[in-house]
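This is entry_39.tsv. It holds TSV, C-alpha atoms and all ligand atoms.
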```
chain	number	residue	atom	x	y	z
R	1	MET	CA	107.60	63.78	81.59
R	2	ARG	CA	107.09	64.48	77.90
R	3	ALA	CA	108.64	67.57	76.30
R	4	SER	CA	106.67	70.82	76.08
R	5	PRO	CA	104.85	71.25	72.76
R	6	ILE	CA	105.80	74.97	72.85
R	7	SER	CA	108.68	76.04	70.64
R	8	PRO	CA	110.12	79.53	71.09
R	9	THR	CA	111.18	81.52	68.02
R	10	VAL	CA	113.76	83.29	70.22
R	11	ASP	CA	117.01	81.94	71.73
R	12	PHE	CA	117.09	82.68	75.47
R	13	SER	CA	120.90	82.38	75.53
R	14	ALA	CA	121.58	84.75	72.62
R	15	GLU	CA	122.90	88.27	73.16
R	16	GLY	CA	120.92	91.30	71.95
R	17	VAL	CA	117.25	92.14	71.48
R	18	GLN	CA	114.88	89.51	70.08
R	19	HIS	CA	111.14	89.86	69.49
R	20	GLY	CA	109.36	86.59	68.77
R	21	PHE	CA	106.82	84.09	69.93
R	22	LEU	CA	106.21	81.10	72.10
R	23	ARG	CA	104.48	78.98	69.47
R	24	LEU	CA	101.98	76.47	70.83
R	25	PRO	CA	100.37	74.11	68.29
R	26	TYR	CA	96.59	74.31	68.59
R	27	SER	CA	94.57	72.40	66.02
R	28	ARG	CA	91.03	73.72	65.65
R	29	ASP	CA	88.12	74.26	63.27
R	30	ASP	CA	89.47	77.44	61.68
R	31	SER	CA	93.14	76.38	61.58
R	32	ALA	CA	93.90	72.67	61.18
R	33	TRP	CA	97.64	72.92	61.80
R	34	GLY	CA	97.47	76.28	63.57
R	35	SER	CA	99.20	77.67	66.62
R	36	VAL	CA	98.74	80.07	69.51
R	37	MET	CA	101.49	82.69	69.03
R	38	ILE	CA	102.37	84.21	72.42
R	39	PRO	CA	104.52	87.35	71.99
R	40	VAL	CA	107.86	87.30	73.83
R	41	THR	CA	110.84	89.65	73.96
R	42	VAL	CA	114.30	88.72	75.22
R	43	VAL	CA	116.94	91.37	75.88
R	44	LYS	CA	120.31	89.97	76.93
R	45	ASN	CA	123.64	91.65	77.46
R	46	GLY	CA	126.58	89.97	79.20
R	47	GLU	CA	126.62	88.77	82.78
R	48	GLY	CA	123.97	89.58	85.35
R	49	PRO	CA	120.68	88.40	86.77
R	50	THR	CA	117.68	87.34	84.71
R	51	ALA	CA	114.28	88.96	85.25
R	52	LEU	CA	111.12	87.24	84.03
R	53	LEU	CA	108.32	89.82	83.55
R	54	THR	CA	104.74	88.80	82.86
R	55	GLY	CA	101.35	90.45	82.37
R	56	GLY	CA	98.03	89.07	81.21
R	57	ASN	CA	98.16	86.05	83.54
R	58	HIS	CA	94.49	86.99	83.72
R	59	GLY	CA	93.26	88.31	80.39
R	60	ASP	CA	91.20	91.28	81.64
R	61	GLU	CA	93.96	93.03	83.65
R	62	TYR	CA	95.71	95.73	81.65
R	63	GLU	CA	98.43	97.59	83.57
R	64	GLY	CA	100.94	94.74	83.11
R	65	PRO	CA	100.44	94.36	79.36
R	66	ILE	CA	100.65	98.17	78.91
R	67	ALA	CA	103.92	98.44	80.86
R	68	LEU	CA	105.42	95.36	79.23
R	69	PHE	CA	104.47	96.04	75.59
R	70	ASP	CA	106.01	99.50	76.19
R	71	LEU	CA	109.17	98.09	77.81
R	72	ALA	CA	109.57	95.45	75.08
R	73	ARG	CA	109.62	98.06	72.31
R	74	THR	CA	111.96	100.48	74.13
R	75	LEU	CA	114.50	98.34	76.01
R	76	LYS	CA	117.94	98.32	74.36
R	77	ALA	CA	120.60	95.65	74.87
R	78	GLU	CA	123.20	98.21	75.94
R	79	ASP	CA	120.88	99.32	78.79
R	80	VAL	CA	120.85	95.82	80.28
R	81	SER	CA	123.33	93.89	82.44
R	82	GLY	CA	122.00	90.35	82.41
R	83	CYS	CA	118.75	89.30	80.81
R	84	VAL	CA	115.13	90.47	80.68
R	85	ILE	CA	112.44	88.06	79.42
R	86	ILE	CA	109.13	89.83	78.72
R	87	VAL	CA	105.82	88.06	78.13
R	88	PRO	CA	103.21	90.87	78.14
R	89	ALA	CA	100.23	88.50	77.90
R	90	MET	CA	100.91	85.15	79.54
R	91	ASN	CA	97.41	83.72	78.99
R	92	TYR	CA	97.36	85.10	75.46
R	93	PRO	CA	94.02	83.57	74.37
R	94	ALA	CA	92.36	85.09	77.47
R	95	PHE	CA	94.04	88.44	76.81
R	96	LEU	CA	92.75	88.49	73.20
R	97	ALA	CA	89.25	87.67	74.44
R	98	GLY	CA	89.39	90.26	77.26
R	99	THR	CA	88.42	87.60	79.78
R	100	ARG	CA	89.98	86.37	83.02
R	101	THR	CA	90.18	82.77	81.83
R	102	SER	CA	90.95	81.25	78.45
R	103	PRO	CA	88.07	81.03	75.95
R	104	ILE	CA	89.66	77.79	74.65
R	105	ASP	CA	89.57	75.63	77.78
R	106	LYS	CA	88.27	78.05	80.48
R	107	GLY	CA	91.71	77.70	82.09
R	108	ASN	CA	92.56	80.18	84.85
R	109	MET	CA	96.32	80.51	84.34
R	110	ASN	CA	96.90	81.30	87.99
R	111	ARG	CA	95.22	78.08	89.12
R	112	SER	CA	96.89	75.89	86.46
R	113	PHE	CA	100.41	75.42	87.83
R	114	PRO	CA	102.53	73.32	87.59
R	115	GLY	CA	100.67	72.69	84.32
R	116	ALA	CA	100.90	69.72	82.01
R	117	PRO	CA	102.59	69.24	78.61
R	118	ASP	CA	99.75	66.91	77.57
R	119	GLY	CA	96.93	69.09	78.95
R	120	THR	CA	94.80	71.65	77.16
R	121	VAL	CA	96.17	75.05	76.07
R	122	THR	CA	96.30	76.77	79.49
R	123	PRO	CA	98.12	73.97	81.36
R	124	LYS	CA	100.51	73.64	78.41
R	125	ILE	CA	101.46	77.32	78.77
R	126	ALA	CA	101.79	76.91	82.56
R	127	ASP	CA	104.05	73.89	82.07
R	128	TYR	CA	106.32	75.90	79.76
R	129	PHE	CA	106.72	78.58	82.43
R	130	GLN	CA	107.22	75.91	85.11
R	131	ARG	CA	109.92	73.88	83.35
R	132	THR	CA	111.54	76.31	80.88
R	133	LEU	CA	111.14	79.99	81.82
R	134	LEU	CA	111.06	80.01	85.64
R	135	PRO	CA	114.32	78.00	85.92
R	136	LEU	CA	116.06	80.73	83.85
R	137	ALA	CA	114.93	83.52	86.22
R	138	ASP	CA	116.43	85.07	89.33
R	139	ILE	CA	113.62	87.56	89.87
R	140	VAL	CA	110.02	87.26	88.74
R	141	LEU	CA	107.46	90.08	88.44
R	142	ASP	CA	103.91	89.03	87.57
R	143	PHE	CA	101.46	91.91	87.04
R	144	HIS	CA	97.85	91.64	88.14
R	145	SER	CA	94.91	93.98	88.68
R	146	GLY	CA	91.34	93.37	89.72
R	147	GLY	CA	89.99	92.52	86.28
R	148	LYS	CA	86.32	93.02	85.49
R	149	THR	CA	85.02	92.01	88.93
R	150	LEU	CA	87.38	93.59	91.50
R	151	ASP	CA	89.01	96.97	92.07
R	152	PHE	CA	92.14	97.43	94.20
R	153	LEU	CA	94.17	100.18	95.78
R	154	PRO	CA	97.29	100.20	93.61
R	155	PHE	CA	99.83	97.98	95.37
R	156	CYS	CA	102.87	95.81	94.74
R	157	ALA	CA	102.98	92.67	96.89
R	158	ALA	CA	104.92	89.66	98.07
R	159	HIS	CA	103.95	86.79	100.34
R	160	ILE	CA	105.01	85.80	103.83
R	161	LEU	CA	107.45	82.90	103.25
R	162	SER	CA	109.02	80.29	105.50
R	163	ASP	CA	112.45	81.14	104.03
R	164	LYS	CA	112.99	84.53	105.69
R	165	ALA	CA	116.00	85.47	103.50
R	166	GLN	CA	113.92	84.90	100.35
R	167	GLU	CA	111.02	86.81	101.94
R	168	ALA	CA	113.27	89.79	102.79
R	169	LYS	CA	114.60	89.96	99.22
R	170	SER	CA	111.04	89.87	97.89
R	171	PHE	CA	109.84	92.66	100.22
R	172	ASP	CA	112.92	94.74	99.27
R	173	LEU	CA	111.89	94.42	95.63
R	174	VAL	CA	108.29	95.38	96.52
R	175	SER	CA	109.66	98.55	98.15
R	176	ALA	CA	111.76	99.26	95.08
R	177	PHE	CA	108.70	98.90	92.79
R	178	GLY	CA	107.39	101.97	94.59
R	179	ALA	CA	103.62	101.63	94.21
R	180	PRO	CA	101.59	103.97	96.46
R	181	TRP	CA	100.80	100.89	98.59
R	182	SER	CA	102.88	97.78	99.36
R	183	MET	CA	101.23	94.59	100.57
R	184	LYS	CA	102.21	91.58	102.65
R	185	MET	CA	99.75	89.43	100.79
R	186	LEU	CA	97.62	86.52	101.91
R	187	GLU	CA	95.99	84.28	99.27
R	188	ILE	CA	92.50	82.82	99.61
R	189	ASP	CA	93.85	79.62	98.04
R	190	ALA	CA	97.50	79.45	96.95
R	191	VAL	CA	97.28	76.03	95.25
R	192	GLY	CA	98.00	76.11	91.52
R	193	MET	CA	99.31	79.67	91.51
R	194	TYR	CA	102.31	80.85	89.48
R	195	ASP	CA	103.36	82.73	92.63
R	196	THR	CA	103.50	79.53	94.66
R	197	VAL	CA	105.61	77.49	92.22
R	198	ALA	CA	108.02	80.40	91.67
R	199	GLU	CA	108.46	80.80	95.43
R	200	GLU	CA	108.90	77.04	95.87
R	201	MET	CA	111.73	77.22	93.31
R	202	GLY	CA	113.39	79.85	95.51
R	203	LYS	CA	112.81	82.74	93.12
R	204	VAL	CA	112.43	86.31	94.33
R	205	PHE	CA	108.80	86.75	93.34
R	206	ILE	CA	106.67	89.90	93.41
R	207	THR	CA	103.22	90.63	92.07
R	208	THR	CA	100.83	93.58	91.87
R	209	GLU	CA	97.18	94.56	92.09
R	210	LEU	CA	97.12	97.95	90.38
R	211	GLY	CA	93.46	98.79	89.95
R	212	GLY	CA	90.70	96.90	88.21
R	213	GLY	CA	87.28	97.06	86.66
R	214	GLY	CA	88.58	95.61	83.41
R	215	THR	CA	90.50	98.72	82.34
R	216	ALA	CA	93.54	100.84	83.22
R	217	THR	CA	93.86	104.52	84.08
R	218	ALA	CA	96.66	106.95	83.23
R	219	LYS	CA	97.68	106.77	86.88
R	220	SER	CA	97.65	102.96	87.20
R	221	ALA	CA	99.50	102.46	83.90
R	222	GLY	CA	102.09	105.01	85.04
R	223	ILE	CA	102.59	103.15	88.32
R	224	ALA	CA	103.17	99.93	86.36
R	225	LYS	CA	105.72	101.51	84.01
R	226	THR	CA	107.69	103.23	86.78
R	227	GLY	CA	107.49	100.09	88.92
R	228	VAL	CA	109.00	97.73	86.38
R	229	SER	CA	111.82	100.16	85.66
R	230	ASN	CA	112.50	100.50	89.40
R	231	VAL	CA	112.55	96.73	89.86
R	232	LEU	CA	115.09	96.27	87.06
R	233	LYS	CA	117.26	99.03	88.57
R	234	ALA	CA	117.05	97.52	92.06
R	235	ALA	CA	118.08	94.14	90.62
R	236	GLY	CA	121.14	95.73	88.96
R	237	ILE	CA	119.87	94.88	85.47
R	238	LEU	CA	119.24	98.51	84.48
R	239	LYS	CA	121.59	101.36	85.37
R	240	GLY	CA	120.37	104.29	87.41
R	241	SER	CA	118.80	104.72	90.79
R	242	VAL	CA	115.36	103.65	91.85
R	243	GLU	CA	112.84	106.51	91.61
R	244	ALA	CA	112.08	107.35	95.23
R	245	THR	CA	108.38	107.15	96.09
R	246	ASP	CA	106.38	107.11	99.29
R	247	THR	CA	104.73	103.79	99.89
R	248	THR	CA	102.49	102.72	102.74
R	249	TRP	CA	102.84	99.09	103.84
R	250	LEU	CA	99.71	97.03	104.32
R	251	ASP	CA	99.22	93.58	105.78
R	252	MET	CA	96.52	90.94	105.26
R	253	PRO	CA	96.98	89.15	108.59
R	254	ASP	CA	94.35	86.40	108.25
R	255	GLY	CA	91.13	85.35	106.54
R	256	ASN	CA	89.17	88.05	108.40
R	257	CYS	CA	90.37	90.51	105.76
R	258	PHE	CA	87.91	89.02	103.23
R	259	SER	CA	84.13	89.52	103.22
R	260	PHE	CA	81.95	87.49	100.86
R	261	ALA	CA	78.37	87.97	99.66
R	262	GLU	CA	75.93	85.49	101.18
R	263	ASP	CA	73.23	86.40	98.68
R	264	GLY	CA	72.99	88.13	95.33
R	265	GLY	CA	71.57	91.52	94.49
R	266	LEU	CA	72.32	95.20	94.00
R	267	ILE	CA	75.41	96.31	95.89
R	268	GLU	CA	75.56	99.71	97.61
R	269	PRO	CA	79.11	100.53	98.71
R	270	LEU	CA	79.28	102.44	101.98
R	271	TYR	CA	83.05	102.93	101.87
R	272	ASP	CA	85.46	103.58	99.01
R	273	LEU	CA	88.98	102.26	98.44
R	274	GLY	CA	91.45	103.74	100.93
R	275	ASP	CA	88.76	104.58	103.52
R	276	ARG	CA	89.38	103.50	107.10
R	277	VAL	CA	86.92	100.93	108.44
R	278	LYS	CA	86.41	99.33	111.86
R	279	ASN	CA	85.61	95.73	112.76
R	280	GLY	CA	81.82	95.37	112.49
R	281	ASP	CA	81.29	98.35	110.18
R	282	VAL	CA	78.85	97.71	107.35
R	283	VAL	CA	81.04	98.11	104.25
R	284	ALA	CA	78.25	97.44	101.75
R	285	ARG	CA	74.56	96.66	101.52
R	286	ILE	CA	73.12	94.10	99.11
R	287	TYR	CA	69.54	94.82	98.08
R	288	PRO	CA	67.39	91.90	96.94
R	289	VAL	CA	66.13	92.99	93.52
R	290	GLY	CA	63.05	90.77	93.14
R	291	ARG	CA	60.73	93.22	94.91
R	292	THR	CA	60.63	96.46	96.84
R	293	GLY	CA	60.19	96.79	100.58
R	294	VAL	CA	62.82	94.21	101.56
R	295	ALA	CA	65.69	95.10	103.90
R	296	PRO	CA	69.15	94.82	102.37
R	297	LEU	CA	71.73	92.29	103.52
R	298	GLU	CA	74.60	93.97	105.37
R	299	VAL	CA	78.20	93.00	104.61
R	300	LYS	CA	80.47	93.80	107.53
R	301	ALA	CA	84.20	94.30	107.93
R	302	LYS	CA	85.71	91.67	110.23
R	303	MET	CA	88.78	93.68	111.22
R	304	ASP	CA	90.01	97.27	111.55
R	305	GLY	CA	92.00	98.70	108.66
R	306	ILE	CA	91.51	100.33	105.29
R	307	LEU	CA	89.45	99.16	102.36
R	308	ALA	CA	92.05	97.68	99.96
R	309	ALA	CA	89.75	95.99	97.45
R	310	ARG	CA	86.08	95.91	96.55
R	311	HIS	CA	83.66	94.16	94.25
R	312	PHE	CA	83.43	96.14	91.01
R	313	PRO	CA	80.18	95.41	89.08
R	314	GLY	CA	76.97	96.91	90.44
R	315	LEU	CA	75.29	93.52	90.80
R	316	VAL	CA	76.73	90.87	93.08
R	317	LYS	CA	76.25	87.08	93.27
R	318	SER	CA	76.28	84.83	96.30
R	319	GLY	CA	79.88	83.92	97.10
R	320	ASP	CA	81.46	86.97	95.41
R	321	CYS	CA	84.26	88.71	97.26
R	322	VAL	CA	82.72	92.03	98.36
R	323	SER	CA	85.63	93.63	100.18
R	324	VAL	CA	89.18	93.19	101.39
R	325	VAL	CA	90.36	95.10	104.45
R	326	ALA	CA	94.09	95.46	105.14
R	327	ASP	CA	96.03	96.60	108.18
R	328	ILE	CA	98.30	99.61	107.91
R	329	VAL	CA	101.78	98.54	109.05
R	330	ASP	CA	103.50	101.27	111.02
Q	1	ZN	ZN	94.95	88.58	88.17
```
Will you turn the file into structure tokens for me?
Amino acid sequence: MRASPISPTVDFSAEGVQHGFLRLPYSRDDSAWGSVMIPVTVVKNGEGPTALLTGGNHGDEYEGPIALFDLARTLKAEDVSGCVIIVPAMNYPAFLAGTRTSPIDKGNMNRSFPGAPDGTVTPKIADYFQRTLLPLADIVLDFHSGGKTLDFLPFCAAHILSDKAQEAKSFDLVSAFGAPWSMKMLEIDAVGMYDTVAEEMGKVFITTELGGGGTATAKSAGIAKTGVSNVLKAAGILKGSVEATDTTWLDMPDGNCFSFAEDGGLIEPLYDLGDRVKNGDVVARIYPVGRTGVAPLEVKAKMDGILAARHFPGLVKSGDCVSVVADIVD
């Protein structure tokens, strides 16, 4: 396979703190020989594990970028045993545009793996993570939130894996993150995800959903900042003990956790995040908006549990994810 067109302005093997860029040539109307300059920080000190920390995989999710821009400016080499690689905004063009996908090629970073060095901008970035950054890492934390269209209970998550030792290490790191909720996460479609390729490489991979609606709150940003610090402490990269927090474990046992809209309209939520729901409960109504006097469509929960995620905007389209119900694990 051809070499990646991305050239880093930092040296991943050098000791100390470096702030630089992953420079990706991108020739366009307003910049003939221009580049996409993706900010990166590397903090390395002696022997120890390497953590790869990313936010902005989707460009409209803000807790990760907040925690990671903050960590990048404050982390000192003497605090670290090993290496921390920080990319606060992985899909940087999407992050600058405030959109889930890239405005350049409409690429959804988390459906673009393993990427391609001869693809458009998004697959080129994915390929650089696939072949250059992921192989350097022992642990990987990729921040997500609901973006403009979903809102989540704040949770850290890992996936059920066939390698049970790798799975146990991942769930230990989820516990260490210390979000109010911790999730055994099921994906609607895991193909093309950063998560999937990292796990296939044997990395200890954790992710988050820390809120949504296309913004962050003081609380959700605080959870992200404490969480990343806890993860680095649990990995032995930062000194100090993990800040003890109560977390409630949740499970997404099968596809019945998801409910999708079968028509568009005005959504009326009947439950809020964290509320308990029963199988068959109407979690939301969708009113047709073309005329009055028409009964709304009912969207029902398909399992018992608590409402872990919901559609965010007030209008919904056919096929949108309306709700996610999760089991409380005792
Ligand atoms: Zn996301």
Nearest-residue call for Leu307 of chain R, choices R:Ser35, R:Ser323, R:Ser102, R:Asn256, using all atoms listed in the file: R:Ser323
Contacts of Met201 of chain R at 12 Å (all atoms listed in the file; same-chain gap of 5+ positions) as an MDAnalysis selection string: chainID R and resid 114 130:131 133:140 163 166 194:196
Distance query 9 Å from (113.2, 100.8, 90.4) using all atoms listed in the file, result as number ranges by chain: R: 173, 175-178, 226-235, 238, 240-244
Nearby residues, ligand ZN 1 (chain Q), 12 Å, all atoms listed in the file, as a ChimeraX atom specification: /R:54-65,89-91,94-95,99-101,108-111,142-152,187,193-195,207-214
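Interatomic distance, atom CA of Leu273 of chain R against atom CA of Glu199 of chain R: 29.1 Å.
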Hey, could you patch up segment 168-190 of chain R with N, CA, C and O atoms and hand it over as a short mmCIF file (atom, residue, chain, number, x, y, z; two decimals), keeping the file's coordinate frame?
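Heads up, here's the output in part-v2.cif:
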```
data_model
loop_
_atom_site.label_atom_id
_atom_site.label_comp_id
_atom_site.auth_asym_id
_atom_site.auth_seq_id
_atom_site.Cartn_x
_atom_site.Cartn_y
_atom_site.Cartn_z
N ALA R 168 112.70 88.44 102.66
CA ALA R 168 113.27 89.79 102.79
C ALA R 168 113.65 90.34 101.43
O ALA R 168 113.39 91.53 101.13
N LYS R 169 114.24 89.50 100.57
CA LYS R 169 114.60 89.96 99.22
C LYS R 169 113.35 90.34 98.44
O LYS R 169 113.34 91.32 97.67
N SER R 170 112.29 89.58 98.61
CA SER R 170 111.04 89.87 97.89
C SER R 170 110.43 91.19 98.38
O SER R 170 110.02 92.03 97.56
N PHE R 171 110.41 91.41 99.70
CA PHE R 171 109.84 92.66 100.22
C PHE R 171 110.72 93.86 99.83
O PHE R 171 110.19 94.95 99.59
N ASP R 172 112.05 93.65 99.74
CA ASP R 172 112.92 94.74 99.27
C ASP R 172 112.54 95.14 97.84
O ASP R 172 112.53 96.33 97.50
N LEU R 173 112.24 94.14 97.03
CA LEU R 173 111.89 94.42 95.63
C LEU R 173 110.50 95.09 95.54
O LEU R 173 110.28 95.94 94.67
N VAL R 174 109.60 94.72 96.45
CA VAL R 174 108.29 95.38 96.52
C VAL R 174 108.49 96.86 96.84
O VAL R 174 107.88 97.75 96.21
N SER R 175 109.36 97.15 97.82
CA SER R 175 109.66 98.55 98.15
C SER R 175 110.22 99.29 96.95
O SER R 175 109.84 100.43 96.68
N ALA R 176 111.14 98.62 96.24
CA ALA R 176 111.76 99.26 95.08
C ALA R 176 110.72 99.57 94.00
O ALA R 176 110.80 100.62 93.35
N PHE R 177 109.76 98.68 93.80
CA PHE R 177 108.70 98.90 92.79
C PHE R 177 108.07 100.28 93.00
O PHE R 177 107.84 101.02 92.04
N GLY R 178 107.81 100.60 94.28
CA GLY R 178 107.39 101.97 94.59
C GLY R 178 105.95 102.29 94.25
O GLY R 178 105.63 103.42 93.88
N ALA R 179 105.05 101.32 94.37
CA ALA R 179 103.62 101.63 94.21
C ALA R 179 103.18 102.46 95.42
O ALA R 179 103.82 102.44 96.46
N PRO R 180 102.06 103.18 95.31
CA PRO R 180 101.59 103.97 96.46
C PRO R 180 101.37 103.10 97.70
O PRO R 180 101.52 103.56 98.82
N TRP R 181 101.01 101.82 97.49
CA TRP R 181 100.80 100.89 98.59
C TRP R 181 101.65 99.65 98.35
O TRP R 181 101.89 99.27 97.20
N SER R 182 102.11 99.02 99.43
CA SER R 182 102.88 97.78 99.36
C SER R 182 102.23 96.78 100.30
O SER R 182 101.91 97.12 101.44
N MET R 183 102.06 95.55 99.83
CA MET R 183 101.23 94.59 100.57
C MET R 183 102.00 93.33 100.96
O MET R 183 102.70 92.74 100.14
N LYS R 184 101.83 92.93 102.23
CA LYS R 184 102.21 91.58 102.65
C LYS R 184 100.96 90.73 102.41
O LYS R 184 100.01 90.80 103.17
N MET R 185 100.99 89.95 101.36
CA MET R 185 99.75 89.43 100.79
C MET R 185 99.43 88.02 101.26
O MET R 185 100.30 87.16 101.31
N LEU R 186 98.15 87.84 101.56
CA LEU R 186 97.62 86.52 101.91
C LEU R 186 96.72 86.07 100.76
O LEU R 186 95.94 86.85 100.25
N GLU R 187 96.85 84.81 100.34
CA GLU R 187 95.99 84.28 99.27
C GLU R 187 94.81 83.52 99.87
O GLU R 187 94.94 82.86 100.90
N ILE R 188 93.67 83.61 99.20
CA ILE R 188 92.50 82.82 99.61
C ILE R 188 92.82 81.33 99.44
O ILE R 188 92.48 80.50 100.27
N ASP R 189 93.48 81.00 98.32
CA ASP R 189 93.85 79.62 98.04
C ASP R 189 95.07 79.65 97.13
O ASP R 189 94.97 80.01 95.96
N ALA R 190 96.24 79.28 97.68
CA ALA R 190 97.50 79.45 96.95
C ALA R 190 97.82 78.27 96.03
O ALA R 190 98.78 78.32 95.27
#
```
